[in-house]
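Text of model_36.csv (CSV, N, CA, C and O atoms) as supplied:
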chain,number,residue,atom,x,y,z
A,216,MET,N,-24.3,20.7,-1.1
A,216,MET,CA,-23.8,19.6,-0.4
A,216,MET,C,-24.3,19.7,1.1
A,216,MET,O,-24.1,20.8,1.7
A,217,ASP,N,-24.8,18.6,1.7
A,217,ASP,CA,-25.4,18.7,3.0
A,217,ASP,C,-24.4,18.3,4.1
A,217,ASP,O,-24.7,18.2,5.2
A,218,GLY,N,-23.1,18.1,3.7
A,218,GLY,CA,-22.1,17.7,4.7
A,218,GLY,C,-22.1,16.2,5.0
A,218,GLY,O,-21.2,15.8,5.8
A,219,VAL,N,-23.0,15.4,4.5
A,219,VAL,CA,-22.9,14.0,4.7
A,219,VAL,C,-22.0,13.3,3.7
A,219,VAL,O,-22.1,13.5,2.5
A,220,ASP,N,-21.0,12.7,4.3
A,220,ASP,CA,-20.0,12.0,3.4
A,220,ASP,C,-20.2,10.5,3.6
A,220,ASP,O,-19.8,10.0,4.7
A,221,ASN,N,-20.7,9.8,2.7
A,221,ASN,CA,-20.9,8.4,2.9
A,221,ASN,C,-19.9,7.5,2.2
A,221,ASN,O,-20.0,6.3,2.1
A,222,ARG,N,-18.8,8.1,1.8
A,222,ARG,CA,-17.8,7.4,1.1
A,222,ARG,C,-17.2,6.3,2.0
A,222,ARG,O,-16.9,5.2,1.5
A,223,ALA,N,-16.9,6.6,3.2
A,223,ALA,CA,-16.4,5.6,4.1
A,223,ALA,C,-17.4,4.4,4.3
A,223,ALA,O,-16.9,3.3,4.4
A,224,ASP,N,-18.7,4.7,4.4
A,224,ASP,CA,-19.7,3.7,4.5
A,224,ASP,C,-19.6,2.8,3.3
A,224,ASP,O,-19.7,1.5,3.4
A,225,ILE,N,-19.6,3.4,2.1
A,225,ILE,CA,-19.6,2.6,0.8
A,225,ILE,C,-18.3,1.7,0.8
A,225,ILE,O,-18.4,0.5,0.5
A,226,ARG,N,-17.2,2.3,1.1
A,226,ARG,CA,-15.9,1.6,1.1
A,226,ARG,C,-16.0,0.4,2.0
A,226,ARG,O,-15.6,-0.7,1.7
A,227,SER,N,-16.4,0.6,3.3
A,227,SER,CA,-16.5,-0.5,4.2
A,227,SER,C,-17.5,-1.5,3.8
A,227,SER,O,-17.2,-2.7,3.9
A,228,PHE,N,-18.6,-1.1,3.3
A,228,PHE,CA,-19.6,-2.1,2.8
A,228,PHE,C,-19.1,-3.0,1.7
A,228,PHE,O,-19.2,-4.2,1.8
A,229,LEU,N,-18.5,-2.4,0.6
A,229,LEU,CA,-18.0,-3.2,-0.5
A,229,LEU,C,-16.8,-4.0,-0.1
A,229,LEU,O,-16.7,-5.2,-0.5
A,230,THR,N,-15.9,-3.5,0.7
A,230,THR,CA,-14.8,-4.2,1.2
A,230,THR,C,-15.1,-5.5,2.0
A,230,THR,O,-14.6,-6.5,1.8
A,231,THR,N,-16.1,-5.3,2.9
A,231,THR,CA,-16.5,-6.5,3.7
A,231,THR,C,-17.2,-7.5,2.9
A,231,THR,O,-17.1,-8.7,3.1
A,232,ARG,N,-18.0,-7.1,1.9
A,232,ARG,CA,-18.7,-8.0,1.1
A,232,ARG,C,-17.7,-8.8,0.2
A,232,ARG,O,-17.9,-10.0,0.0
A,233,ARG,N,-16.7,-8.1,-0.3
A,233,ARG,CA,-15.7,-8.7,-1.1
A,233,ARG,C,-14.9,-9.7,-0.3
A,233,ARG,O,-14.5,-10.8,-0.8
A,234,ALA,N,-14.6,-9.4,0.9
A,234,ALA,CA,-13.8,-10.2,1.8
A,234,ALA,C,-14.4,-11.6,2.1
A,234,ALA,O,-13.7,-12.5,2.4
A,235,ARG,N,-15.7,-11.6,2.1
A,235,ARG,CA,-16.4,-12.9,2.5
A,235,ARG,C,-16.5,-13.9,1.4
A,235,ARG,O,-17.0,-15.0,1.7
A,236,LEU,N,-16.1,-13.6,0.2
A,236,LEU,CA,-16.2,-14.5,-0.9
A,236,LEU,C,-14.8,-15.0,-1.3
A,236,LEU,O,-13.9,-14.3,-1.3
A,237,THR,N,-14.7,-16.3,-1.6
A,237,THR,CA,-13.5,-16.9,-2.1
A,237,THR,C,-13.6,-17.0,-3.6
A,237,THR,O,-14.7,-17.1,-4.1
A,238,PRO,N,-12.4,-17.0,-4.3
A,238,PRO,CA,-12.5,-17.2,-5.7
A,238,PRO,C,-13.3,-18.5,-6.1
A,238,PRO,O,-14.0,-18.5,-7.1
A,239,GLN,N,-13.1,-19.6,-5.3
A,239,GLN,CA,-13.8,-20.8,-5.6
A,239,GLN,C,-15.3,-20.7,-5.5
A,239,GLN,O,-16.0,-21.3,-6.3
A,240,GLN,N,-15.8,-19.9,-4.6
A,240,GLN,CA,-17.2,-19.7,-4.5
A,240,GLN,C,-17.9,-19.0,-5.7
A,240,GLN,O,-19.0,-19.2,-5.9
A,241,VAL,N,-17.1,-18.2,-6.4
A,241,VAL,CA,-17.6,-17.5,-7.6
A,241,VAL,C,-17.2,-18.1,-8.9
A,241,VAL,O,-17.4,-17.6,-9.9
A,242,GLY,N,-16.5,-19.3,-8.8
A,242,GLY,CA,-16.1,-20.0,-10.0
A,242,GLY,C,-14.8,-19.6,-10.6
A,242,GLY,O,-14.6,-19.8,-11.8
A,243,LEU,N,-14.0,-18.9,-9.9
A,243,LEU,CA,-12.7,-18.5,-10.4
A,243,LEU,C,-11.6,-19.4,-9.8
A,243,LEU,O,-11.8,-20.0,-8.8
A,244,PRO,N,-10.5,-19.6,-10.6
A,244,PRO,CA,-9.4,-20.4,-10.1
A,244,PRO,C,-8.8,-19.7,-8.8
A,244,PRO,O,-8.8,-18.5,-8.7
A,245,ALA,N,-8.3,-20.5,-7.9
A,245,ALA,CA,-7.8,-20.0,-6.6
A,245,ALA,C,-6.6,-19.0,-6.8
A,245,ALA,O,-6.5,-18.1,-6.1
A,246,GLY,N,-5.9,-19.3,-7.9
A,246,GLY,CA,-4.7,-18.4,-8.1
A,246,GLY,C,-3.6,-18.7,-7.2
A,246,GLY,O,-3.8,-19.0,-6.0
A,247,GLY,N,-2.4,-18.7,-7.7
A,247,GLY,CA,-1.2,-19.1,-6.9
A,247,GLY,C,-0.8,-18.0,-6.0
A,247,GLY,O,-1.2,-16.9,-6.1
A,248,GLY,N,0.0,-18.4,-5.0
A,248,GLY,CA,0.5,-17.5,-4.1
A,248,GLY,C,-0.4,-17.0,-3.0
A,248,GLY,O,-1.6,-17.4,-3.0
A,249,ARG,N,0.1,-16.3,-2.1
A,249,ARG,CA,-0.6,-15.8,-0.9
A,249,ARG,C,-1.5,-14.6,-1.3
A,249,ARG,O,-1.1,-13.8,-2.2
A,250,ARG,N,-2.6,-14.4,-0.6
A,250,ARG,CA,-3.4,-13.3,-0.8
A,250,ARG,C,-3.1,-12.3,0.3
A,250,ARG,O,-3.1,-12.6,1.4
A,251,ARG,N,-3.0,-11.0,-0.1
A,251,ARG,CA,-2.8,-10.0,0.9
A,251,ARG,C,-4.1,-9.6,1.6
A,251,ARG,O,-4.1,-9.0,2.7
A,252,VAL,N,-5.2,-9.9,0.9
A,252,VAL,CA,-6.5,-9.6,1.5
A,252,VAL,C,-7.4,-10.8,1.6
A,252,VAL,O,-7.2,-11.7,0.7
A,253,PRO,N,-8.3,-10.9,2.5
A,253,PRO,CA,-9.2,-12.1,2.6
A,253,PRO,C,-10.2,-12.0,1.4
A,253,PRO,O,-10.5,-10.8,1.0
A,254,GLY,N,-10.6,-13.1,0.9
A,254,GLY,CA,-11.7,-13.0,-0.1
A,254,GLY,C,-11.2,-12.6,-1.5
A,254,GLY,O,-10.0,-12.9,-1.9
A,255,LEU,N,-12.1,-12.0,-2.2
A,255,LEU,CA,-11.8,-11.7,-3.6
A,255,LEU,C,-10.9,-10.4,-3.7
A,255,LEU,O,-11.0,-9.5,-2.9
A,256,ARG,N,-10.1,-10.4,-4.8
A,256,ARG,CA,-9.4,-9.1,-5.1
A,256,ARG,C,-10.3,-8.2,-5.8
A,256,ARG,O,-11.2,-8.6,-6.5
A,257,ARG,N,-9.9,-6.9,-5.8
A,257,ARG,CA,-10.7,-5.9,-6.6
A,257,ARG,C,-10.8,-6.3,-8.0
A,257,ARG,O,-11.8,-6.2,-8.7
A,258,GLU,N,-9.7,-6.8,-8.6
A,258,GLU,CA,-9.6,-7.2,-10.0
A,258,GLU,C,-10.6,-8.3,-10.3
A,258,GLU,O,-11.3,-8.3,-11.4
A,259,GLU,N,-10.8,-9.2,-9.4
A,259,GLU,CA,-11.7,-10.3,-9.6
A,259,GLU,C,-13.1,-9.9,-9.5
A,259,GLU,O,-14.0,-10.3,-10.4
A,260,VAL,N,-13.5,-9.0,-8.6
A,260,VAL,CA,-14.8,-8.4,-8.6
A,260,VAL,C,-15.1,-7.7,-9.9
A,260,VAL,O,-16.2,-7.8,-10.5
A,261,ALA,N,-14.1,-6.9,-10.4
A,261,ALA,CA,-14.3,-6.1,-11.6
A,261,ALA,C,-14.6,-7.1,-12.8
A,261,ALA,O,-15.5,-6.8,-13.6
A,262,VAL,N,-13.8,-8.2,-12.9
A,262,VAL,CA,-14.0,-9.2,-14.0
A,262,VAL,C,-15.4,-9.7,-13.9
A,262,VAL,O,-16.2,-9.8,-14.9
A,263,LEU,N,-15.8,-10.1,-12.7
A,263,LEU,CA,-17.2,-10.7,-12.5
A,263,LEU,C,-18.3,-9.7,-12.8
A,263,LEU,O,-19.3,-10.1,-13.3
A,264,ALA,N,-18.0,-8.5,-12.5
A,264,ALA,CA,-19.1,-7.4,-12.8
A,264,ALA,C,-19.0,-6.9,-14.2
A,264,ALA,O,-19.9,-6.2,-14.6
A,265,GLY,N,-17.9,-7.2,-14.9
A,265,GLY,CA,-17.8,-6.7,-16.3
A,265,GLY,C,-17.4,-5.3,-16.4
A,265,GLY,O,-17.8,-4.6,-17.3
A,266,VAL,N,-16.7,-4.8,-15.4
A,266,VAL,CA,-16.2,-3.4,-15.4
A,266,VAL,C,-14.7,-3.4,-15.3
A,266,VAL,O,-14.1,-4.4,-14.9
A,267,SER,N,-14.1,-2.3,-15.6
A,267,SER,CA,-12.6,-2.2,-15.4
A,267,SER,C,-12.2,-2.2,-14.0
A,267,SER,O,-13.0,-1.8,-13.1
A,268,THR,N,-11.0,-2.6,-13.7
A,268,THR,CA,-10.5,-2.6,-12.3
A,268,THR,C,-10.5,-1.2,-11.8
A,268,THR,O,-10.9,-0.9,-10.6
A,269,GLU,N,-10.1,-0.3,-12.6
A,269,GLU,CA,-10.0,1.1,-12.2
A,269,GLU,C,-11.4,1.6,-11.8
A,269,GLU,O,-11.6,2.4,-10.8
A,270,TRP,N,-12.4,1.2,-12.6
A,270,TRP,CA,-13.7,1.7,-12.3
A,270,TRP,C,-14.2,1.1,-11.0
A,270,TRP,O,-14.8,1.8,-10.2
A,271,TYR,N,-14.0,-0.2,-10.8
A,271,TYR,CA,-14.5,-0.8,-9.6
A,271,TYR,C,-13.7,-0.2,-8.4
A,271,TYR,O,-14.3,0.0,-7.3
A,272,THR,N,-12.5,0.1,-8.5
A,272,THR,CA,-11.7,0.7,-7.4
A,272,THR,C,-12.3,2.0,-7.1
A,272,THR,O,-12.4,2.3,-5.9
A,273,ARG,N,-12.6,2.8,-8.1
A,273,ARG,CA,-13.2,4.1,-7.8
A,273,ARG,C,-14.5,3.9,-7.1
A,273,ARG,O,-14.8,4.7,-6.1
A,274,LEU,N,-15.3,3.0,-7.5
A,274,LEU,CA,-16.6,2.7,-6.8
A,274,LEU,C,-16.4,2.3,-5.4
A,274,LEU,O,-17.0,2.8,-4.5
A,275,GLU,N,-15.4,1.4,-5.1
A,275,GLU,CA,-15.1,1.0,-3.8
A,275,GLU,C,-14.6,2.1,-2.9
A,275,GLU,O,-14.7,2.1,-1.7
A,276,LYS,N,-14.0,3.1,-3.5
A,276,LYS,CA,-13.5,4.3,-2.8
A,276,LYS,C,-14.6,5.3,-2.5
A,276,LYS,O,-14.3,6.3,-1.9
A,277,GLY,N,-15.8,4.9,-2.9
A,277,GLY,CA,-16.9,5.8,-2.6
A,277,GLY,C,-17.3,6.8,-3.7
A,277,GLY,O,-18.2,7.6,-3.5
A,278,HIS,N,-16.7,6.7,-4.8
A,278,HIS,CA,-17.0,7.7,-5.9
A,278,HIS,C,-18.2,7.1,-6.8
A,278,HIS,O,-17.9,6.4,-7.8
A,279,ILE,N,-19.4,7.3,-6.2
A,279,ILE,CA,-20.5,6.6,-6.9
A,279,ILE,C,-21.4,7.6,-7.7
A,279,ILE,O,-22.4,7.1,-8.3
A,280,GLY,N,-21.0,8.8,-7.8
A,280,GLY,CA,-21.8,9.8,-8.6
A,280,GLY,C,-21.8,9.3,-10.1
A,280,GLY,O,-20.8,9.0,-10.7
A,281,GLY,N,-23.0,9.3,-10.6
A,281,GLY,CA,-23.2,8.9,-12.0
A,281,GLY,C,-23.1,7.4,-12.3
A,281,GLY,O,-23.1,7.0,-13.5
A,282,VAL,N,-23.1,6.6,-11.3
A,282,VAL,CA,-23.0,5.1,-11.5
A,282,VAL,C,-24.4,4.7,-12.0
A,282,VAL,O,-25.4,5.0,-11.4
A,283,SER,N,-24.4,3.9,-13.1
A,283,SER,CA,-25.7,3.4,-13.6
A,283,SER,C,-26.2,2.2,-12.8
A,283,SER,O,-25.5,1.5,-12.1
A,284,GLU,N,-27.5,2.0,-12.8
A,284,GLU,CA,-28.1,0.9,-12.1
A,284,GLU,C,-27.6,-0.4,-12.7
A,284,GLU,O,-27.5,-1.4,-11.9
A,285,ASP,N,-27.3,-0.5,-14.0
A,285,ASP,CA,-26.8,-1.7,-14.6
A,285,ASP,C,-25.5,-2.1,-13.9
A,285,ASP,O,-25.2,-3.2,-13.6
A,286,VAL,N,-24.6,-1.1,-13.7
A,286,VAL,CA,-23.3,-1.4,-13.1
A,286,VAL,C,-23.5,-1.8,-11.6
A,286,VAL,O,-22.9,-2.8,-11.2
A,287,LEU,N,-24.4,-1.1,-10.9
A,287,LEU,CA,-24.6,-1.5,-9.5
A,287,LEU,C,-25.2,-2.9,-9.4
A,287,LEU,O,-24.9,-3.7,-8.6
A,288,GLU,N,-26.1,-3.2,-10.4
A,288,GLU,CA,-26.7,-4.6,-10.5
A,288,GLU,C,-25.6,-5.6,-10.7
A,288,GLU,O,-25.5,-6.7,-10.1
A,289,ALA,N,-24.7,-5.3,-11.6
A,289,ALA,CA,-23.6,-6.2,-11.9
A,289,ALA,C,-22.7,-6.4,-10.7
A,289,ALA,O,-22.2,-7.6,-10.4
A,290,VAL,N,-22.4,-5.4,-10.0
A,290,VAL,CA,-21.5,-5.4,-8.8
A,290,VAL,C,-22.3,-6.2,-7.7
A,290,VAL,O,-21.7,-7.1,-7.0
A,291,ALA,N,-23.6,-6.0,-7.5
A,291,ALA,CA,-24.4,-6.7,-6.6
A,291,ALA,C,-24.4,-8.2,-6.9
A,291,ALA,O,-24.2,-9.1,-6.0
A,292,ARG,N,-24.5,-8.6,-8.2
A,292,ARG,CA,-24.4,-10.0,-8.6
A,292,ARG,C,-23.1,-10.6,-8.3
A,292,ARG,O,-23.0,-11.7,-7.8
A,293,ALA,N,-22.0,-9.8,-8.6
A,293,ALA,CA,-20.7,-10.3,-8.5
A,293,ALA,C,-20.4,-10.6,-7.0
A,293,ALA,O,-19.7,-11.6,-6.6
A,294,LEU,N,-20.9,-9.7,-6.1
A,294,LEU,CA,-20.6,-9.9,-4.7
A,294,LEU,C,-21.7,-10.7,-4.0
A,294,LEU,O,-21.7,-10.9,-2.8
A,295,GLN,N,-22.6,-11.3,-4.8
A,295,GLN,CA,-23.7,-12.2,-4.3
A,295,GLN,C,-24.4,-11.5,-3.1
A,295,GLN,O,-24.6,-12.1,-2.0
A,296,LEU,N,-24.8,-10.3,-3.3
A,296,LEU,CA,-25.6,-9.6,-2.2
A,296,LEU,C,-27.0,-10.1,-2.1
A,296,LEU,O,-27.6,-10.4,-3.0
A,297,ASP,N,-27.4,-10.1,-0.8
A,297,ASP,CA,-28.8,-10.5,-0.6
A,297,ASP,C,-29.7,-9.3,-0.8
A,297,ASP,O,-29.2,-8.2,-1.1
A,298,GLU,N,-31.0,-9.4,-0.6
A,298,GLU,CA,-31.9,-8.4,-0.9
A,298,GLU,C,-31.7,-7.1,-0.1
A,298,GLU,O,-31.7,-6.0,-0.6
A,299,ALA,N,-31.4,-7.3,1.2
A,299,ALA,CA,-31.2,-6.1,2.1
A,299,ALA,C,-29.9,-5.4,1.7
A,299,ALA,O,-29.9,-4.1,1.6
A,300,GLU,N,-28.9,-6.1,1.3
A,300,GLU,CA,-27.6,-5.5,0.9
A,300,GLU,C,-27.8,-4.8,-0.4
A,300,GLU,O,-27.2,-3.7,-0.6
A,301,ARG,N,-28.5,-5.4,-1.3
A,301,ARG,CA,-28.8,-4.8,-2.6
A,301,ARG,C,-29.5,-3.5,-2.4
A,301,ARG,O,-29.1,-2.5,-3.0
A,302,THR,N,-30.5,-3.5,-1.6
A,302,THR,CA,-31.2,-2.2,-1.3
A,302,THR,C,-30.3,-1.2,-0.7
A,302,THR,O,-30.3,0.0,-1.1
A,303,TYR,N,-29.4,-1.6,0.2
A,303,TYR,CA,-28.4,-0.6,0.8
A,303,TYR,C,-27.5,-0.1,-0.3
A,303,TYR,O,-27.3,1.1,-0.3
A,304,LEU,N,-27.0,-0.9,-1.2
A,304,LEU,CA,-26.1,-0.5,-2.2
A,304,LEU,C,-26.8,0.5,-3.2
A,304,LEU,O,-26.2,1.6,-3.5
A,305,PHE,N,-28.0,0.3,-3.5
A,305,PHE,CA,-28.7,1.2,-4.4
A,305,PHE,C,-29.1,2.4,-3.7
A,305,PHE,O,-29.2,3.5,-4.3
Would you encode the structure as structure tokens?
Amino acid sequence: MDGVDNRADIRSFLTTRRARLTPQQVGLPAGGGRRRVPGLRREEVAVLAGVSTEWYTRLEKGHIGGVSEDVLEAVARALQLDEAERTYLF
């Protein structure tokens, strides 16, 4: 290990991308009640990406070891990442 810990960067990146999308923008019902966080909930991103909530939560916490390109692609699609953001995620 070279001492570089990018978990905080990954967490910040995914959290900010999730926060900028509303459920309506991705075709989900708004859902009743107040939201504790702006934008999509982790569960909603997980559903859109076709992964479990626990799995997406681990990813958002920066545990990206062994993540397949298919999963990253699904998350990128769910978060509507542009080309530069996609490159950064991969």
Discussion item. I need the residue nearest Arg233 (chain A) from this list: A:Ala299, A:Glu269, A:Leu255, A:Ala245. Use all atoms listed in the file for the distance.
Written reply: A:Leu255
Discussion item. Let's see if you can do this: from backbone DSSP, list all alpha helix (DSSP H) residues in chain A, as a VMD selection string.
Written reply: chain A and resid 222 to 234 257 to 264 268 to 275 284 to 293 298 to 304
Practice prompt. Please provide the set of residues having any atom within 7 Å of Arg257 (chain A), restricted to only N, CA, C and O atoms, with same-chain residues fewer than 4 positions apart removed, written as a list of chain:residue names.
Written response: A:Ala261, A:Val262, A:Leu263, A:Val266, A:Ser267, A:Thr268, A:Tyr271, A:Thr272
Same residues, N, CA, C and O atoms, saved as a PDB file, in the frame of the given file:
ATOM      1  N   ALA A 261     -14.100  -6.900 -10.400  1.00  0.00           N
ATOM      2  CA  ALA A 261     -14.300  -6.100 -11.600  1.00  0.00           C
ATOM      3  C   ALA A 261     -14.600  -7.100 -12.800  1.00  0.00           C
ATOM      4  O   ALA A 261     -15.500  -6.800 -13.600  1.00  0.00           O
ATOM      5  N   VAL A 262     -13.800  -8.200 -12.900  1.00  0.00           N
ATOM      6  CA  VAL A 262     -14.000  -9.200 -14.000  1.00  0.00           C
ATOM      7  C   VAL A 262     -15.400  -9.700 -13.900  1.00  0.00           C
ATOM      8  O   VAL A 262     -16.200  -9.800 -14.900  1.00  0.00           O
ATOM      9  N   LEU A 263     -15.800 -10.100 -12.700  1.00  0.00           N
ATOM     10  CA  LEU A 263     -17.200 -10.700 -12.500  1.00  0.00           C
ATOM     11  C   LEU A 263     -18.300  -9.700 -12.800  1.00  0.00           C
ATOM     12  O   LEU A 263     -19.300 -10.100 -13.300  1.00  0.00           O
ATOM     13  N   VAL A 266     -16.700  -4.800 -15.400  1.00  0.00           N
ATOM     14  CA  VAL A 266     -16.200  -3.400 -15.400  1.00  0.00           C
ATOM     15  C   VAL A 266     -14.700  -3.400 -15.300  1.00  0.00           C
ATOM     16  O   VAL A 266     -14.100  -4.400 -14.900  1.00  0.00           O
ATOM     17  N   SER A 267     -14.100  -2.300 -15.600  1.00  0.00           N
ATOM     18  CA  SER A 267     -12.600  -2.200 -15.400  1.00  0.00           C
ATOM     19  C   SER A 267     -12.200  -2.200 -14.000  1.00  0.00           C
ATOM     20  O   SER A 267     -13.000  -1.800 -13.100  1.00  0.00           O
ATOM     21  N   THR A 268     -11.000  -2.600 -13.700  1.00  0.00           N
ATOM     22  CA  THR A 268     -10.500  -2.600 -12.300  1.00  0.00           C
ATOM     23  C   THR A 268     -10.500  -1.200 -11.800  1.00  0.00           C
ATOM     24  O   THR A 268     -10.900  -0.900 -10.600  1.00  0.00           O
ATOM     25  N   TYR A 271     -14.000  -0.200 -10.800  1.00  0.00           N
ATOM     26  CA  TYR A 271     -14.500  -0.800  -9.600  1.00  0.00           C
ATOM     27  C   TYR A 271     -13.700  -0.200  -8.400  1.00  0.00           C
ATOM     28  O   TYR A 271     -14.300   0.000  -7.300  1.00  0.00           O
ATOM     29  N   THR A 272     -12.500   0.100  -8.500  1.00  0.00           N
ATOM     30  CA  THR A 272     -11.700   0.700  -7.400  1.00  0.00           C
ATOM     31  C   THR A 272     -12.300   2.000  -7.100  1.00  0.00           C
ATOM     32  O   THR A 272     -12.400   2.300  -5.900  1.00  0.00           O
TER      33      THR A 272
END
Discussion item. Just to confirm, what's the straight-line distance from atom O of Asn221 (chain A) to atom N of Glu288 (chain A) in Å (one decimal)?
Written reply: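 Answer for the atom O of Asn221 (chain A) to atom N of Glu288 (chain A) separation: 16.8 Å.
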Item to complete: Record the distance separating atom C of Val252 (chain A) and atom C of Asp220 (chain A), expressed in Å with one decimal.
Response: 24.9 Å
Worksheet item: What is the atom C of Val290 (chain A) to CA of Ala264 (chain A) distance in Å?
Response: 6.1 Å
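Once all atoms listed in the file are considered, the residues situated within 8 Å of the file point (-22.5, -5.3, 1.3) turn out to be A:Asp224, A:Ile225, A:Ser227, A:Phe228, A:Leu229, A:Thr230, A:Thr231, A:Arg232, A:Arg233, A:Leu294, A:Gln295, A:Leu296, A:Asp297, A:Ala299, A:Glu300, A:Arg301, A:Tyr303, A:Leu304.
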Fill in: Residue with smallest distance to Arg235 (chain A) - pool A:Leu274, A:Asp285, A:Thr302, A:Gly254, counting only C-alpha atoms
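Of the candidates, the smallest distance to Arg235 (chain A) is held by A:Gly254.
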Kindly provide, as JSON, the centre and edge lengths (Å, one decimal) of an axis-aligned box around all atoms of region 298-304 of chain A given in the file, with 5 Å on each side.
{"center_x": -29.0, "center_y": -3.9, "center_z": -0.7, "size_x": 15.8, "size_y": 21.0, "size_z": 15.6}
Worksheet item: Using all atoms listed in the file, which residue out of A:Arg222, A:Arg256, A:Arg249, A:Arg292 lies closest to Glu275 (chain A)?
Response: A:Arg222
Item to complete: Rank A:Gly265, A:Lys276, A:Trp270, A:Pro253 by their smallest atom-to-atom distance to Ala291 (chain A), using only C-alpha atoms, and report the top residue only.
Response: A:Gly265
